[in-house]
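Read the structure below first, then the notes.
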Amino acid sequence: MPAVRPTADHGGQEGAAVPPRPPGVDTIERSWRSPLRGPWLTAVYGTALLVALPLVIITGLLDYAAYGPQFDQAFPTDVGWLRLPAFDWPTRPSWLFRVTQGLHVTLGIVLIPVVLGKLWSVLPKLFDWPPVRSLAQALERLTLLLLVGGILFQIATGLLNIQYSYVYGFDFYTAHYFGAWIFTGAFVAHVVIKFPRLVTALRSRPFGAQLRTARAATRPEPPDPDGLVATEPGPATVSRRGAVGLVGGGALLLAVLTIGQSLDGPLRRTALLLPRGRQPGPGPNGFPVNRTVAAAGVRPEQTGAGWRLTLRGGGRTVTLDRSALLAMAQHTAALPISCVEGWSTRQTWTGVRLRDLAARAGVPDPASARVSSLEQAGLFRTAVLASNQVLDPDALLALRVNGVDLSPDHGYPARVIVPALPGVHCTKWVAEIDFQGRADG
Ligand SMILES: Nc1nc2c(c(=O)[nH]1)N[C@H]1C(S)=C(S)[C@@H](COP(=O)(O)O)O[C@H]1N2
Ligand SMILES: [Mo]
């Protein structure tokens with residue numbers, strides 16, 4: 001298989017004056033010798049991303065919607081014209097947020113080897129010469145910059161966030177939200193530009209036949225207009241089956257190591273990538289804690305016998321102590337708590353229905369409710385619940401979990417738990433609930 005292709009043949013040059021190639025470019029180009037590189041392998045990795053990335057994008061945007069942007073409590077709050085239509089996040093099915101959030105984080109991690117494989121397969125494109133050939137090509141390269149930069153940025157910020165690491169000097173939510181839009185725009189443009197080539201490349205060699213081809217029989221693809229195929233291919237060190245298997249196996253391994261944090265049961269023990277030290281010991285309160293009572297700055301004297309729950313609404317103020325709450329009708333529901341930073345778990349909660357508390361405050365049909373915790377300040381001090389989230393029969397001010405009192409870290413004396421509500425809005429150490437009536441009231 002002699003390399004007869006002229007090295008400058010990268011298509012579309014139509015005899016125009018091409019600036020001389022700097023000597024380094026030829027050397028670099030000759031160092032891309034893998035005979036696997038070519039439109040087919042790029043198209044295989046690309047197809048996997050084309051199918052899976054829209055799911056990551058959509059579940060990410062749904063997570064944003066679940067935070068309730070209409071109450072100015074989704075981050076970042078001011079997104080200008082990128083504001084999506086707001087709607088009251090449903091409470092059913094109760095595992096809705098567990099699924100959207102779990103898919104977003106898990107798929108985001110699982111796709112890392114595919115992204116790396118795809119980048120490896122197009123590496124020669126980075127050294128395209130001349131760098132700018134025409135306006136169309138310049139625009140295409142700009143979308144590639146936003147595409148590659150965008151996905152690496154989203155992966156890096158997402159990974160750091162789920163490990164609770166804030167080593168960068170900017171706000172995670174702002175960066176990840178605007179980064180998502182930049183990436184999505186570039187992704188759509190890239191798909192539009194490349195889709196015909198993807199189809200051609202996939203049709204050029206049947207998938208099954210490729211997977212049956214051993215290393216010794218692996219040959220380079222014919223030269224392609226994109227210049228992915230090596231000009232001087234070396235011998236194959238691995239078959240295409242091996243390359244696809246390596247990436248697929250890497251993705252599968254990450255899936256096994258990640259999925260457990262979104263599930264209960266035996267797979268949970270495989271969740272080796274779950275941030276360590278957040279899982280308290282055994283017992284009914286032995287499930288992950290996002291922020292401990294000490295970290296939240298809530299003092300024992302605030303949660304002791306002197307604690308009172310204040311209900312406001314309809315011009316009325318009602319104060320209840322914990323025994324008064326325990327004397328009200330108690331309701332038990334098995335509901336997941338799902339933290340946007342990755343993990344979820346289903347537990348059995350017992351307490352007073354939020355709608356009973358609304359009625360007690362004189363607002364039986366509230367438009368919304370603002371829940372405040374004992375904390376003095378910070379992101380978690382208050383959360384606004386939409387009407388459907390207050391009125392759901394399983395929406396609780398929980399006093400107990402799994403048959404025992406809440407532990408201090410899980411929000412004793414009382415915490416909110418609502419089906420399908422993001423964990424962040426399941427306020428712990430509740431001090432006050434303010435029920436807003438309908439606007440015309
Ligand atoms: N008051 C208060 N409530 C809070 C928090 C907090 O820091 N303070 N953390 C929230 C977050 S981000 C999550 S995911 C859940 C986790 O509940 P858990 O720690 O009981 O598992 O509590 C939520 N409620
Ligand atoms: Mo959370």
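Quick note on naming: the chains in the structure tokens go A, B, ... in the order shown, residues restart at 1 in each chain, and ligands are numbered from 1 in order of appearance.
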Practice task
Give me the residues within 9 Å of Val105 (chain A) as a VMD selection string, counting only C-alpha atoms and dropping any in the same chain fewer than 2 places off.
Solution key: chain A and resid 56 60 100 to 103 107 to 110 158 to 159 162 258 340 to 342
With C-alpha atoms retained, write the just-selected residues as a short mmCIF file (atom, residue, chain, number, x, y, z; two decimals), in the first residue's frame.
```
data_model
loop_
_atom_site.label_atom_id
_atom_site.label_comp_id
_atom_site.auth_asym_id
_atom_site.auth_seq_id
_atom_site.Cartn_x
_atom_site.Cartn_y
_atom_site.Cartn_z
CA VAL A 56 -27.45 14.93 27.95
CA GLY A 60 -29.53 19.22 31.56
CA THR A 100 -33.38 13.39 34.43
CA GLN A 101 -30.60 14.26 36.83
CA GLY A 102 -29.20 10.71 36.92
CA LEU A 103 -29.18 10.45 33.12
CA LEU A 107 -24.34 9.80 30.52
CA GLY A 108 -22.07 12.83 30.81
CA ILE A 109 -19.45 10.63 32.48
CA VAL A 110 -20.00 7.53 30.34
CA GLY A 158 -19.40 19.01 35.51
CA LEU A 159 -16.85 16.55 36.92
CA ILE A 162 -20.04 16.47 41.29
CA THR A 258 -21.17 5.60 38.17
CA VAL A 340 -28.21 17.48 41.34
CA GLU A 341 -24.57 16.77 42.16
CA GLY A 342 -25.05 13.14 41.28
#
```
Handout entry: Within 7 Å of ligand 1, counting only C-alpha atoms and all ligand atoms, residues as a list in words
Key = Phe287, Pro288, Val289, Asn290, Arg291, Thr292, Ala296, Ile337, Ser338, Cys339, Val340, Ser373, Leu374, Glu375, Phe380, Arg381, Asp409, His410, Gly411, Gly423, Val424, His425, Cys426, Thr427, Lys428, Trp429 and Val430 of chain A
Handout entry: Selection near Pro93 (chain A), 10 Å with only C-alpha atoms, sequence-local residues under 6 positions removed, as a list of chain:residue names
Key =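 Selected residues are A:Val99, A:Pro419, A:Ala420.
Running DSSP on the backbone gives strand (DSSP E or B) for these residues within region 237-329 of chain A: A:Leu309, A:Thr310, A:Leu311, A:Arg312, A:Gly313, A:Arg316, A:Thr317, A:Val318, A:Thr319, A:Leu320.
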Generate a file of the selected residues that holds all heavy atoms, formatted as a PDB file, in the first residue's frame.
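Here's the written file out03.pdb:
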```
ATOM      1  N   LEU A 309     -42.306  25.761  64.578  1.00  0.00           N
ATOM      2  CA  LEU A 309     -42.566  25.971  63.147  1.00  0.00           C
ATOM      3  C   LEU A 309     -43.557  27.120  63.022  1.00  0.00           C
ATOM      4  O   LEU A 309     -44.605  27.104  63.668  1.00  0.00           O
ATOM      5  CB  LEU A 309     -43.157  24.712  62.517  1.00  0.00           C
ATOM      6  CG  LEU A 309     -43.632  24.891  61.069  1.00  0.00           C
ATOM      7  CD1 LEU A 309     -42.447  24.998  60.112  1.00  0.00           C
ATOM      8  CD2 LEU A 309     -44.547  23.746  60.640  1.00  0.00           C
ATOM      9  N   THR A 310     -43.237  28.108  62.209  1.00  0.00           N
ATOM     10  CA  THR A 310     -44.141  29.227  61.969  1.00  0.00           C
ATOM     11  C   THR A 310     -44.782  29.065  60.605  1.00  0.00           C
ATOM     12  O   THR A 310     -44.082  28.846  59.606  1.00  0.00           O
ATOM     13  CB  THR A 310     -43.368  30.564  62.023  1.00  0.00           C
ATOM     14  OG1 THR A 310     -42.661  30.625  63.261  1.00  0.00           O
ATOM     15  CG2 THR A 310     -44.309  31.740  61.909  1.00  0.00           C
ATOM     16  N   LEU A 311     -46.124  29.133  60.571  1.00  0.00           N
ATOM     17  CA  LEU A 311     -46.854  29.092  59.298  1.00  0.00           C
ATOM     18  C   LEU A 311     -47.452  30.463  59.064  1.00  0.00           C
ATOM     19  O   LEU A 311     -48.066  31.043  59.963  1.00  0.00           O
ATOM     20  CB  LEU A 311     -47.988  28.057  59.352  1.00  0.00           C
ATOM     21  CG  LEU A 311     -47.605  26.615  59.683  1.00  0.00           C
ATOM     22  CD1 LEU A 311     -48.866  25.757  59.783  1.00  0.00           C
ATOM     23  CD2 LEU A 311     -46.662  26.058  58.631  1.00  0.00           C
ATOM     24  N   ARG A 312     -47.254  30.992  57.853  1.00  0.00           N
ATOM     25  CA  ARG A 312     -47.844  32.289  57.514  1.00  0.00           C
ATOM     26  C   ARG A 312     -48.708  32.147  56.269  1.00  0.00           C
ATOM     27  O   ARG A 312     -48.516  31.231  55.470  1.00  0.00           O
ATOM     28  CB  ARG A 312     -46.760  33.321  57.227  1.00  0.00           C
ATOM     29  CG  ARG A 312     -45.973  33.713  58.444  1.00  0.00           C
ATOM     30  CD  ARG A 312     -44.977  34.827  58.094  1.00  0.00           C
ATOM     31  NE  ARG A 312     -43.873  34.822  59.023  1.00  0.00           N
ATOM     32  CZ  ARG A 312     -43.935  35.323  60.256  1.00  0.00           C
ATOM     33  NH1 ARG A 312     -45.047  35.896  60.698  1.00  0.00           N
ATOM     34  NH2 ARG A 312     -42.891  35.258  61.055  1.00  0.00           N
ATOM     35  N   GLY A 313     -49.610  33.103  56.099  1.00  0.00           N
ATOM     36  CA  GLY A 313     -50.477  33.103  54.925  1.00  0.00           C
ATOM     37  C   GLY A 313     -51.848  33.580  55.316  1.00  0.00           C
ATOM     38  O   GLY A 313     -52.244  33.438  56.473  1.00  0.00           O
ATOM     39  N   ARG A 316     -52.631  35.288  58.593  1.00  0.00           N
ATOM     40  CA  ARG A 316     -52.609  34.534  59.837  1.00  0.00           C
ATOM     41  C   ARG A 316     -51.195  34.055  60.132  1.00  0.00           C
ATOM     42  O   ARG A 316     -50.428  33.795  59.215  1.00  0.00           O
ATOM     43  CB  ARG A 316     -53.476  33.294  59.627  1.00  0.00           C
ATOM     44  CG  ARG A 316     -54.421  33.009  60.780  1.00  0.00           C
ATOM     45  CD  ARG A 316     -54.960  31.618  60.666  1.00  0.00           C
ATOM     46  NE  ARG A 316     -56.136  31.497  59.800  1.00  0.00           N
ATOM     47  CZ  ARG A 316     -56.766  30.339  59.639  1.00  0.00           C
ATOM     48  NH1 ARG A 316     -56.346  29.251  60.272  1.00  0.00           N
ATOM     49  NH2 ARG A 316     -57.810  30.250  58.849  1.00  0.00           N
ATOM     50  N   THR A 317     -50.851  33.938  61.402  1.00  0.00           N
ATOM     51  CA  THR A 317     -49.588  33.312  61.769  1.00  0.00           C
ATOM     52  C   THR A 317     -49.890  32.211  62.773  1.00  0.00           C
ATOM     53  O   THR A 317     -50.583  32.442  63.767  1.00  0.00           O
ATOM     54  CB  THR A 317     -48.624  34.336  62.402  1.00  0.00           C
ATOM     55  OG1 THR A 317     -48.381  35.370  61.459  1.00  0.00           O
ATOM     56  CG2 THR A 317     -47.303  33.680  62.751  1.00  0.00           C
ATOM     57  N   VAL A 318     -49.409  31.002  62.462  1.00  0.00           N
ATOM     58  CA  VAL A 318     -49.646  29.867  63.353  1.00  0.00           C
ATOM     59  C   VAL A 318     -48.289  29.335  63.785  1.00  0.00           C
ATOM     60  O   VAL A 318     -47.396  29.195  62.948  1.00  0.00           O
ATOM     61  CB  VAL A 318     -50.429  28.755  62.595  1.00  0.00           C
ATOM     62  CG1 VAL A 318     -50.666  27.549  63.494  1.00  0.00           C
ATOM     63  CG2 VAL A 318     -51.732  29.286  62.037  1.00  0.00           C
ATOM     64  N   THR A 319     -48.150  29.058  65.072  1.00  0.00           N
ATOM     65  CA  THR A 319     -46.894  28.468  65.546  1.00  0.00           C
ATOM     66  C   THR A 319     -47.182  27.089  66.121  1.00  0.00           C
ATOM     67  O   THR A 319     -48.130  26.912  66.862  1.00  0.00           O
ATOM     68  CB  THR A 319     -46.248  29.330  66.648  1.00  0.00           C
ATOM     69  OG1 THR A 319     -46.955  30.544  66.772  1.00  0.00           O
ATOM     70  CG2 THR A 319     -44.802  29.613  66.377  1.00  0.00           C
ATOM     71  N   LEU A 320     -46.321  26.151  65.732  1.00  0.00           N
ATOM     72  CA  LEU A 320     -46.511  24.774  66.194  1.00  0.00           C
ATOM     73  C   LEU A 320     -45.173  24.242  66.708  1.00  0.00           C
ATOM     74  O   LEU A 320     -44.139  24.486  66.087  1.00  0.00           O
ATOM     75  CB  LEU A 320     -46.975  23.884  65.040  1.00  0.00           C
ATOM     76  CG  LEU A 320     -48.277  24.268  64.330  1.00  0.00           C
ATOM     77  CD1 LEU A 320     -48.397  23.550  62.997  1.00  0.00           C
ATOM     78  CD2 LEU A 320     -49.476  23.931  65.214  1.00  0.00           C
TER      79      LEU A 320
END
```
Which residues are near region 168-172 of chain A? Cut-off 12 Å, only C-alpha atoms, ignore same chain within fewer than 4 positions. Put them as a compact mmCIF listing (two decimals) with N, CA, C and O atoms, in the first residue's frame.
```
# COMPACT_ATOMS: atom_id res chain seq x y z
N PHE A 75 -30.22 28.46 38.74
CA PHE A 75 -28.96 29.20 38.59
C PHE A 75 -28.37 28.99 37.19
O PHE A 75 -28.32 27.86 36.74
N PRO A 76 -27.88 29.99 36.52
CA PRO A 76 -27.93 31.39 36.92
C PRO A 76 -29.36 31.95 36.77
O PRO A 76 -30.11 31.48 35.92
N PHE A 153 -14.97 21.77 28.20
CA PHE A 153 -15.31 22.67 29.30
C PHE A 153 -16.49 22.10 30.11
O PHE A 153 -16.47 22.10 31.34
N GLN A 154 -17.52 21.60 29.40
CA GLN A 154 -18.68 21.04 30.11
C GLN A 154 -18.30 19.82 30.93
O GLN A 154 -18.75 19.63 32.06
N ILE A 155 -17.45 18.97 30.35
CA ILE A 155 -17.02 17.77 31.08
C ILE A 155 -16.21 18.18 32.31
O ILE A 155 -16.46 17.69 33.42
N ALA A 156 -15.27 19.11 32.13
CA ALA A 156 -14.40 19.49 33.25
C ALA A 156 -15.21 20.15 34.37
O ALA A 156 -15.08 19.76 35.54
N THR A 157 -16.07 21.11 34.03
CA THR A 157 -16.81 21.78 35.10
C THR A 157 -17.80 20.81 35.75
O THR A 157 -17.95 20.81 36.98
N GLY A 158 -18.44 19.97 34.95
CA GLY A 158 -19.40 19.01 35.51
C GLY A 158 -18.72 18.04 36.47
O GLY A 158 -19.21 17.79 37.57
N LEU A 159 -17.57 17.51 36.06
CA LEU A 159 -16.85 16.55 36.92
C LEU A 159 -16.42 17.21 38.22
O LEU A 159 -16.57 16.63 39.30
N LEU A 160 -15.89 18.42 38.12
CA LEU A 160 -15.44 19.10 39.34
C LEU A 160 -16.62 19.34 40.26
O LEU A 160 -16.53 19.19 41.48
N ASN A 161 -17.77 19.71 39.68
CA ASN A 161 -18.92 20.02 40.52
C ASN A 161 -19.43 18.78 41.26
O ASN A 161 -19.73 18.86 42.45
N ILE A 162 -19.51 17.63 40.58
CA ILE A 162 -20.04 16.47 41.29
C ILE A 162 -19.05 15.92 42.31
O ILE A 162 -19.41 15.14 43.17
N TYR A 164 -17.67 18.05 44.25
CA TYR A 164 -17.71 19.17 45.20
C TYR A 164 -16.38 19.92 45.22
O TYR A 164 -15.91 20.35 46.27
N HIS A 176 -21.55 26.52 33.47
CA HIS A 176 -22.08 25.30 32.87
C HIS A 176 -23.32 25.61 32.03
O HIS A 176 -23.55 24.97 31.00
N TYR A 177 -24.12 26.58 32.45
CA TYR A 177 -25.33 26.92 31.70
C TYR A 177 -24.99 27.59 30.37
O TYR A 177 -25.44 27.16 29.30
N PHE A 178 -24.15 28.62 30.41
CA PHE A 178 -23.81 29.30 29.16
C PHE A 178 -22.90 28.42 28.30
O PHE A 178 -23.04 28.40 27.07
N GLY A 179 -22.03 27.66 28.96
CA GLY A 179 -21.22 26.69 28.22
C GLY A 179 -22.10 25.71 27.46
O GLY A 179 -21.80 25.33 26.32
N ALA A 180 -23.20 25.30 28.08
CA ALA A 180 -24.11 24.34 27.45
C ALA A 180 -24.70 24.93 26.17
O ALA A 180 -24.81 24.24 25.15
N GLU A 341 -26.00 17.04 42.27
CA GLU A 341 -24.57 16.77 42.16
C GLU A 341 -24.28 15.29 41.98
O GLU A 341 -23.13 14.86 42.02
```
Practice task
Just the residues within 9 Å of region 37-47 of chain A, please, counting only C-alpha atoms, with nothing from its chain fewer than 6 positions along; format it as a ChimeraX atom specification.
Solution key: /A:114-115,117-122,197-205,207,220-224,226-230,240,243-244,247
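Taking CA of Leu263 (chain A) and CA of Leu421 (chain A) as the two end points, the separation is 16.8 Å.
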